[in-house]
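These notes are about the structure you will find just below.
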Amino acid sequence: METAYIQTPLGITTVIGDENGISVISVSDEGMASSEIPSVLQNAVTQLNDYFQGNRTHFDFKLNPKGTDFQQKVWQALLEIPYGKTCSYMDLSKKLGDVKAIRAVASANGKNPLWIVVPCHRVIGTDGSLTGYAGGLWRKKWLLEHESPSGQQTLF
């Protein structure tokens, strides 16, 4: 596994992966950007930088997150939330076929190892509130505003 650290508007972003795909993208308030980016991570780093510059609305590099079958199913559903749109945890549970699974869906959402790329930040409370976010609610708010310059989020 190779690792790179890049400076973003939201902190130092860690990118971890290999020839099988990117397995982790996370953010931290601490650390320093890498001076060199391993070639296997270059495409992902370029696409993340493009996203932050407002020049990318989707990612097309290979993903390889580690998780349970249920987590993988939730993360796959997150990938279907369009850029600039939001949905609620209830909407996501319904989409997955079990409204009673809302807590499990929220838990899997919180364990998403691919920050931004698997867009867990696009999931909000049923009442439209910005609910829990592992990276901090200020980052979630920033990302939603970044993806919707008009400040209007809509359900998909």
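Residues are named by chain letter and number: chains run A, B, ... in the order of the structure tokens, numbers start at 1 in each chain, and ligands are numbered from 1 in the order shown.
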
### Task
Considering only C-alpha atoms, return as a PyMOL selection string whatever protein or nucleic-acid residues lie within 12 Å of range 33-43 of chain A, sequence-local ones (same chain, fewer than 3 positions apart) excluded.
chain A and resi 1-8+11-25+27-30+46-50+59-63

Residues within 9 Å of Lys111 in chain A, only C-alpha atoms, excluding chain neighbours under 3 positions, as a tab-separated table (two decimals) with N, CA, C and O atoms, in the first residue's frame:
chain	number	residue	atom	x	y	z
A	67	GLY	N	-14.76	-3.46	3.99
A	67	GLY	CA	-15.92	-3.40	4.87
A	67	GLY	C	-16.78	-4.63	4.71
A	67	GLY	O	-16.54	-5.47	3.84
A	71	GLN	N	-21.98	-2.89	4.66
A	71	GLN	CA	-21.31	-1.59	4.49
A	71	GLN	C	-21.06	-1.31	3.01
A	71	GLN	O	-21.30	-0.20	2.52
A	106	ALA	N	-26.97	4.41	8.98
A	106	ALA	CA	-26.22	5.55	9.52
A	106	ALA	C	-24.85	5.11	10.03
A	106	ALA	O	-23.85	5.80	9.81
A	107	SER	N	-24.80	3.96	10.66
A	107	SER	CA	-23.52	3.44	11.16
A	107	SER	C	-22.56	3.13	10.02
A	107	SER	O	-21.38	3.49	10.06
A	108	ALA	N	-23.06	2.46	8.97
A	108	ALA	CA	-22.22	2.15	7.80
A	108	ALA	C	-21.76	3.44	7.13
A	108	ALA	O	-20.62	3.54	6.67
A	134	ALA	N	-18.29	12.35	10.59
A	134	ALA	CA	-17.03	11.97	11.22
A	134	ALA	C	-15.96	13.07	11.08
A	134	ALA	O	-15.15	13.26	11.97

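CA of Glu80 in chain A to CA of Trp138 in chain A spans 23.4 Å [interatomic distance, one decimal].
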
### Message
Could you go through range 20-112 of chain A and tell me which residues DSSP, when run on the backbone, assigns to helix (DSSP H, G or I), listing them as number ranges by chain?
### Response
A: 39-52, 69-79, 89-95, 99-110

### Task
Mind checking which residues fall within 6 Å of range 123-133 of chain A, counting only C-alpha atoms, ignoring those fewer than 2 positions away in the same chain, and posting them as a ChimeraX atom specification?
/A:86-88,120-121,135-137

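You will find CA of Thr57 in chain A at 6.0 Å from CA of Tyr83 in chain A.
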